[in-house]
file query_18.cif (mmCIF, C-alpha atoms, pLDDT in the B column; chains and numbers go by the auth columns)
data_final
loop_
_atom_site.group_PDB
_atom_site.id
_atom_site.type_symbol
_atom_site.label_atom_id
_atom_site.label_comp_id
_atom_site.label_asym_id
_atom_site.label_seq_id
_atom_site.Cartn_x
_atom_site.Cartn_y
_atom_site.Cartn_z
_atom_site.B_iso_or_equiv
_atom_site.auth_seq_id
_atom_site.auth_asym_id
ATOM 1 C CA MET A 1 0.000 0.000 0.000 69.00 117 R
ATOM 2 C CA THR A 2 1.440 3.365 -0.950 80.00 118 R
ATOM 3 C CA ARG A 3 2.183 6.092 1.551 81.00 119 R
ATOM 4 C CA ALA A 4 -0.570 8.389 0.206 86.00 120 R
ATOM 5 C CA VAL A 5 -3.198 5.646 0.537 89.00 121 R
ATOM 6 C CA ARG A 6 -2.143 4.976 4.136 90.00 122 R
ATOM 7 C CA TRP A 7 -2.564 8.664 5.016 91.00 123 R
ATOM 8 C CA LEU A 8 -5.964 8.760 3.288 94.00 124 R
ATOM 9 C CA VAL A 9 -7.112 5.695 5.246 94.00 125 R
ATOM 10 C CA THR A 10 -5.901 7.314 8.492 94.00 126 R
ATOM 11 C CA VAL A 11 -7.804 10.563 7.915 95.00 127 R
ATOM 12 C CA VAL A 12 -10.982 8.801 6.773 96.00 128 R
ATOM 13 C CA ALA A 13 -10.876 6.418 9.757 96.00 129 R
ATOM 14 C CA ALA A 14 -10.474 9.309 12.217 96.00 130 R
ATOM 15 C CA ALA A 15 -13.331 11.268 10.631 96.00 131 R
ATOM 16 C CA ALA A 16 -15.595 8.196 10.579 97.00 132 R
ATOM 17 C CA THR A 17 -14.757 7.441 14.222 96.00 133 R
ATOM 18 C CA PHE A 18 -15.644 10.993 15.229 96.00 134 R
ATOM 19 C CA GLY A 19 -18.970 10.854 13.336 96.00 135 R
ATOM 20 C CA VAL A 20 -19.980 7.455 14.710 95.00 136 R
ATOM 21 C CA CYS A 21 -19.110 8.422 18.300 92.00 137 R
ATOM 22 C CA VAL A 22 -21.116 11.653 18.144 93.00 138 R
ATOM 23 C CA TRP A 23 -24.083 9.840 16.619 92.00 139 R
ATOM 24 C CA VAL A 24 -23.994 6.999 19.199 90.00 140 R
ATOM 25 C CA VAL A 25 -23.787 9.350 22.208 87.00 141 R
ATOM 26 C CA ARG A 26 -26.668 11.470 20.882 86.00 142 R
ATOM 27 C CA ALA A 27 -28.848 8.497 19.826 84.00 143 R
ATOM 28 C CA VAL A 28 -28.450 6.096 22.745 84.00 144 R
ATOM 29 C CA SER A 29 -30.030 6.954 26.048 80.00 145 R
ATOM 30 C CA TRP A 30 -27.835 5.831 28.922 78.00 146 R
ATOM 31 C CA GLY A 31 -28.639 6.905 32.449 80.00 147 R
ATOM 32 C CA TRP A 32 -25.231 8.412 33.139 77.00 148 R
ATOM 33 C CA LEU A 33 -25.332 10.762 30.078 78.00 149 R
ATOM 34 C CA PRO A 34 -26.680 14.329 30.509 80.00 150 R
ATOM 35 C CA GLN A 35 -30.367 14.701 29.619 81.00 151 R
ATOM 36 C CA GLY A 36 -30.453 18.184 28.041 81.00 152 R
ATOM 37 C CA GLU A 37 -29.735 18.658 24.334 80.00 153 R
ATOM 38 C CA GLY A 38 -26.853 21.125 24.814 85.00 154 R
ATOM 39 C CA PRO A 39 -24.946 19.170 27.495 86.00 155 R
ATOM 40 C CA ARG A 40 -25.532 15.915 25.629 85.00 156 R
ATOM 41 C CA LEU A 41 -24.091 17.414 22.413 87.00 157 R
ATOM 42 C CA ASP A 42 -21.084 18.724 24.350 89.00 158 R
ATOM 43 C CA THR A 43 -20.465 15.252 25.788 88.00 159 R
ATOM 44 C CA ALA A 44 -20.866 13.641 22.348 90.00 160 R
ATOM 45 C CA LEU A 45 -18.385 16.066 20.764 93.00 161 R
ATOM 46 C CA ALA A 46 -15.860 15.557 23.554 94.00 162 R
ATOM 47 C CA PHE A 47 -16.167 11.768 23.376 92.00 163 R
ATOM 48 C CA GLY A 48 -15.882 11.829 19.565 94.00 164 R
ATOM 49 C CA THR A 49 -12.824 14.102 19.721 96.00 165 R
ATOM 50 C CA VAL A 50 -10.986 11.920 22.233 96.00 166 R
ATOM 51 C CA THR A 51 -11.816 8.692 20.399 96.00 167 R
ATOM 52 C CA ALA A 52 -10.946 10.127 16.971 96.00 168 R
ATOM 53 C CA GLY A 53 -7.681 11.464 18.439 96.00 169 R
ATOM 54 C CA ALA A 54 -6.747 7.966 19.587 96.00 170 R
ATOM 55 C CA VAL A 55 -7.577 6.523 16.157 96.00 171 R
ATOM 56 C CA LEU A 56 -5.598 9.334 14.529 96.00 172 R
ATOM 57 C CA ALA A 57 -2.556 8.654 16.744 96.00 173 R
ATOM 58 C CA VAL A 58 -2.523 4.974 15.791 95.00 174 R
ATOM 59 C CA GLY A 59 -3.147 5.886 12.140 94.00 175 R
ATOM 60 C CA ILE A 60 -0.235 8.334 12.102 93.00 176 R
ATOM 61 C CA TRP A 61 2.063 5.656 13.492 92.00 177 R
ATOM 62 C CA TRP A 62 0.832 3.184 10.879 89.00 178 R
ATOM 63 C CA ALA A 63 0.967 5.604 7.930 88.00 179 R
ATOM 64 C CA SER A 64 4.415 6.957 8.719 86.00 180 R
ATOM 65 C CA ARG A 65 6.195 3.661 9.443 83.00 181 R
ATOM 66 C CA GLU A 66 6.515 2.788 5.761 65.00 182 R
ATOM 67 C CA GLN A 67 9.922 3.920 4.584 68.00 183 R
ATOM 68 C CA PRO A 68 10.330 5.399 1.115 68.00 184 R
ATOM 69 C CA PRO A 69 11.761 2.903 -1.355 72.00 185 R
ATOM 70 C CA SER A 70 15.525 2.655 -1.349 78.00 186 R
ATOM 71 C CA PRO A 71 17.311 3.879 -4.457 83.00 187 R
ATOM 72 C CA PRO A 72 18.300 1.238 -6.989 84.00 188 R
ATOM 73 C CA PRO A 73 21.849 -0.096 -6.735 81.00 189 R
ATOM 74 C CA PRO A 74 24.418 1.634 -8.921 79.00 190 R
ATOM 75 C CA PRO A 75 24.985 0.023 -12.308 75.00 191 R
ATOM 76 C CA ALA A 76 27.779 -2.486 -12.563 69.00 192 R
ATOM 77 C CA PRO A 77 31.000 -1.120 -14.023 70.00 193 R
ATOM 78 C CA LEU A 78 31.550 -1.770 -17.705 69.00 194 R
ATOM 79 C CA ARG A 79 34.345 -4.261 -18.336 69.00 195 R
ATOM 80 C CA THR A 80 36.108 -3.156 -21.529 73.00 196 R
ATOM 81 C CA VAL A 81 38.859 -4.801 -23.560 72.00 197 R
ATOM 82 C CA THR A 82 40.235 -2.632 -26.391 74.00 198 R
ATOM 83 C CA GLN A 83 43.015 -3.318 -28.870 77.00 199 R
ATOM 84 C CA GLU A 84 44.507 -1.384 -31.780 80.00 200 R
ATOM 85 C CA ALA A 85 47.086 -3.222 -33.863 81.00 201 R
ATOM 86 C CA THR A 86 48.802 -3.519 -37.238 81.00 202 R
ATOM 87 C CA ALA A 87 50.221 -6.833 -38.469 80.00 203 R
ATOM 88 C CA SER A 88 52.308 -7.514 -41.568 81.00 204 R
ATOM 89 C CA GLU A 89 54.223 -10.411 -43.157 77.00 205 R
ATOM 90 C CA ASN A 90 53.859 -13.452 -40.858 78.00 206 R
ATOM 91 C CA ALA A 91 52.732 -11.485 -37.772 79.00 207 R
ATOM 92 C CA ARG A 92 49.808 -12.583 -35.667 78.00 208 R
ATOM 93 C CA VAL A 93 47.480 -10.294 -33.638 79.00 209 R
ATOM 94 C CA THR A 94 45.224 -12.032 -31.115 77.00 210 R
ATOM 95 C CA GLN A 95 42.753 -10.509 -28.700 75.00 211 R
ATOM 96 C CA ALA A 96 40.743 -12.423 -26.096 72.00 212 R
ATOM 97 C CA GLY A 97 38.111 -10.820 -23.927 64.00 213 R
ATOM 98 C CA GLY A 98 38.660 -13.270 -21.112 63.00 214 R
ATOM 99 C CA PRO A 99 36.140 -15.509 -19.373 64.00 215 R
ATOM 100 C CA PRO A 100 32.474 -14.507 -19.402 62.00 216 R
ATOM 101 C CA PRO A 101 31.846 -11.740 -16.854 60.00 217 R
ATOM 102 C CA ALA A 102 29.852 -12.262 -13.687 64.00 218 R
ATOM 103 C CA ALA A 103 26.092 -12.111 -14.113 63.00 219 R
ATOM 104 C CA GLY A 104 24.886 -8.557 -14.459 61.00 220 R
ATOM 105 C CA THR A 105 28.336 -7.159 -15.344 64.00 221 R
ATOM 106 C CA PRO A 106 28.229 -5.664 -18.828 60.00 222 R
ATOM 107 C CA SER A 107 31.307 -6.145 -20.944 71.00 223 R
ATOM 108 C CA ARG A 108 32.569 -4.876 -24.252 73.00 224 R
ATOM 109 C CA VAL A 109 35.411 -6.065 -26.496 74.00 225 R
ATOM 110 C CA ASP A 110 36.685 -3.695 -29.229 76.00 226 R
ATOM 111 C CA GLN A 111 39.454 -4.289 -31.757 78.00 227 R
ATOM 112 C CA HIS A 112 40.865 -2.034 -34.473 79.00 228 R
ATOM 113 C CA ALA A 113 43.429 -3.917 -36.574 82.00 229 R
ATOM 114 C CA GLU A 114 45.065 -4.112 -39.998 82.00 230 R
ATOM 115 C CA ALA A 115 46.639 -7.196 -41.513 80.00 231 R
ATOM 116 C CA SER A 116 48.722 -7.462 -44.665 81.00 232 R
ATOM 117 C CA ASP A 117 50.696 -10.162 -46.479 79.00 233 R
ATOM 118 C CA ASP A 118 50.311 -13.415 -44.478 79.00 234 R
ATOM 119 C CA ALA A 119 49.425 -11.750 -41.167 80.00 235 R
ATOM 120 C CA THR A 120 46.552 -13.001 -39.005 80.00 236 R
ATOM 121 C CA VAL A 121 44.167 -10.991 -36.807 79.00 237 R
ATOM 122 C CA SER A 122 41.849 -12.856 -34.439 79.00 238 R
ATOM 123 C CA GLN A 123 39.476 -11.755 -31.723 75.00 239 R
ATOM 124 C CA THR A 124 37.545 -13.740 -29.103 72.00 240 R
ATOM 125 C CA GLY A 125 34.885 -11.996 -27.052 64.00 241 R
ATOM 126 C CA GLY A 126 34.658 -14.466 -24.189 63.00 242 R
ATOM 127 C CA GLY A 127 30.940 -13.929 -23.568 66.00 243 R
ATOM 128 C CA ALA A 128 30.984 -10.136 -23.981 66.00 244 R
ATOM 129 C CA ASP A 129 27.691 -8.266 -24.284 67.00 245 R
ATOM 130 C CA ARG A 130 29.101 -6.179 -27.109 70.00 246 R
ATOM 131 C CA LEU A 131 31.788 -7.380 -29.511 70.00 247 R
ATOM 132 C CA GLU A 132 33.116 -4.958 -32.104 73.00 248 R
ATOM 133 C CA GLN A 133 35.925 -5.437 -34.618 74.00 249 R
ATOM 134 C CA HIS A 134 37.201 -2.974 -37.219 75.00 250 R
ATOM 135 C CA ALA A 135 39.790 -4.766 -39.329 78.00 251 R
ATOM 136 C CA LYS A 136 41.390 -4.533 -42.785 76.00 252 R
ATOM 137 C CA ALA A 137 43.205 -7.314 -44.553 75.00 253 R
ATOM 138 C CA SER A 138 45.259 -7.233 -47.714 76.00 254 R
ATOM 139 C CA GLY A 139 47.392 -9.752 -49.553 74.00 255 R
ATOM 140 C CA GLY A 140 47.142 -13.065 -47.708 75.00 256 R
ATOM 141 C CA GLY A 141 46.016 -11.441 -44.447 74.00 257 R
ATOM 142 C CA ASN A 142 43.407 -13.304 -42.398 72.00 258 R
ATOM 143 C CA ILE A 143 40.820 -11.904 -39.956 74.00 259 R
ATOM 144 C CA ALA A 144 38.864 -14.072 -37.494 73.00 260 R
ATOM 145 C CA GLN A 145 36.388 -13.043 -34.813 71.00 261 R
ATOM 146 C CA THR A 146 34.641 -15.216 -32.262 69.00 262 R
ATOM 147 C CA GLY A 147 31.950 -13.730 -30.075 61.00 263 R
ATOM 148 C CA GLY A 148 31.275 -16.807 -28.011 49.00 264 R
ATOM 149 C CA ASP A 149 28.943 -18.966 -30.116 44.00 265 R
ATOM 150 C CA GLN A 150 29.196 -17.288 -33.520 44.00 266 R
ATOM 151 C CA PRO A 151 32.610 -17.355 -35.216 45.00 267 R
ATOM 152 C CA VAL A 152 33.053 -15.015 -38.193 45.00 268 R
ATOM 153 C CA GLN A 153 35.957 -15.338 -40.613 48.00 269 R
ATOM 154 C CA GLY A 154 36.958 -13.481 -43.735 49.00 270 R
ATOM 155 C CA PRO A 155 39.920 -12.707 -45.930 50.00 271 R
#

call {"tool": "encode", "arguments": {"input": "query_18.cif", "output": "structure tokens"}}
result
Amino acid sequence: MTRAVRWLVTVVAAAATFGVCVWVVRAVSWGWLPQGEGPRLDTALAFGTVTAGAVLAVGIWWASREQPPSPPPPPAPLRTVTQEATASENARVTQAGGPPPAAGTPSRVDQHAEASDDATVSQTGGGADRLEQHAKASGGGNIAQTGGDQPVQGP
């Protein structure tokens, strides 16, 4: 139940208690109540005020005990692996993003590479949320990218 609804219930309950108490004291004829209309109304109003005050005190305790919601936890830090490389002749450039991150930890693997002649460029994301590769190959250069389950290869 929201805080506003609790306060509304408290105010309505106090007002209803006051009304019912005044009505009961004026309608029921007990021997110990005053007999005249004026004194009887005064007694009814006093009884209603005291009773409604007690209901209001309990209602205030109830309505105010709900704490506002706590703020959400801060987002997990982004785990980033970035590489920029140039390979030529028989060189080999390899990038691995590491093991999959813990649940809820976003990760990103970026690679910017160039390969020429018989060079090889490969990238493995290791379960990264985002895997990005910008690569150029010429001659017999080879580019390979693995993002976990989906290997991509090209000349």

call {"tool": "atom_distance", "arguments": {"input": "query_18.cif", "atom1": "atom CA of R:Ala173", "atom2": "atom CA of R:Leu157"}}
result
23.9 Å

call {"tool": "resolve_selection", "arguments": {"input": "query_18.cif", "expression": "the PyMOL selection byres ((chain R and resi 178) around 12)", "output": "number ranges by chain"}}
result
R: 117-127, 171-177, 179-183

call {"tool": "resolve_selection", "arguments": {"input": "query_18.cif", "expression": "the PyMOL selection byres ((chain R and resi 132) around 12)", "output": "PDB file with C-alpha atoms, keeping the file's coordinate frame"}}
result
ATOM      1  CA  VAL R 125      -7.112   5.695   5.246  1.00 94.00           C
ATOM      2  CA  THR R 126      -5.901   7.314   8.492  1.00 94.00           C
ATOM      3  CA  VAL R 127      -7.804  10.563   7.915  1.00 95.00           C
ATOM      4  CA  VAL R 128     -10.982   8.801   6.773  1.00 96.00           C
ATOM      5  CA  ALA R 129     -10.876   6.418   9.757  1.00 96.00           C
ATOM      6  CA  ALA R 130     -10.474   9.309  12.217  1.00 96.00           C
ATOM      7  CA  ALA R 131     -13.331  11.268  10.631  1.00 96.00           C
ATOM      8  CA  THR R 133     -14.757   7.441  14.222  1.00 96.00           C
ATOM      9  CA  PHE R 134     -15.644  10.993  15.229  1.00 96.00           C
ATOM     10  CA  GLY R 135     -18.970  10.854  13.336  1.00 96.00           C
ATOM     11  CA  VAL R 136     -19.980   7.455  14.710  1.00 95.00           C
ATOM     12  CA  CYS R 137     -19.110   8.422  18.300  1.00 92.00           C
ATOM     13  CA  VAL R 138     -21.116  11.653  18.144  1.00 93.00           C
ATOM     14  CA  TRP R 139     -24.083   9.840  16.619  1.00 92.00           C
ATOM     15  CA  GLY R 164     -15.882  11.829  19.565  1.00 94.00           C
ATOM     16  CA  THR R 165     -12.824  14.102  19.721  1.00 96.00           C
ATOM     17  CA  THR R 167     -11.816   8.692  20.399  1.00 96.00           C
ATOM     18  CA  ALA R 168     -10.946  10.127  16.971  1.00 96.00           C
ATOM     19  CA  GLY R 169      -7.681  11.464  18.439  1.00 96.00           C
ATOM     20  CA  VAL R 171      -7.577   6.523  16.157  1.00 96.00           C
ATOM     21  CA  LEU R 172      -5.598   9.334  14.529  1.00 96.00           C
TER      22      LEU R 172
END

call {"tool": "resolve_selection", "arguments": {"input": "query_18.cif", "expression": "the PyMOL selection byres ((chain R and resi 249) around 9)", "output": "ChimeraX atom specification"}}
result
/R:225-229,239,247-248,250-251,261

call {"tool": "residues_around", "arguments": {"input": "query_18.cif", "residues": "stretch 151-156 of chain R", "least_positions_apart": "2", "cutoff": "8 Å", "atoms": "all atoms listed in the file", "output": "number ranges by chain"}}
result
R: 141-142, 149, 158-160

call {"tool": "atom_distance", "arguments": {"input": "query_18.cif", "atom1": "atom CA of R:Gln199", "atom2": "atom CA of R:Gln211"}}
result
7.2 Å

call {"tool": "residues_around", "arguments": {"input": "query_18.cif", "residues": "stretch 200-210 of chain R", "least_positions_apart": "3", "cutoff": "9 Å", "atoms": "all atoms listed in the file", "output": "PyMOL selection string"}}
result
chain R and resi 226-240+256-257

call {"tool": "atom_distance", "arguments": {"input": "query_18.cif", "atom1": "atom CA of R:Trp148", "atom2": "atom CA of R:Phe163"}}
result
13.7 Å

call {"tool": "axis_aligned_box", "arguments": {"input": "query_18.cif", "around": "stretch 169-172 of chain R", "padding_each_side": "4 Å", "output": "JSON"}}
result
{"center_x": -6.6, "center_y": 9.0, "center_z": 17.1, "size_x": 10.1, "size_y": 12.9, "size_z": 13.1}

call {"tool": "closest_residue", "arguments": {"input": "query_18.cif", "among": "R:Ala212, R:Val197, R:Ala260, R:Ala143", "to": "R:Arg224", "atoms": "all atoms listed in the file"}}
result
R:Val197
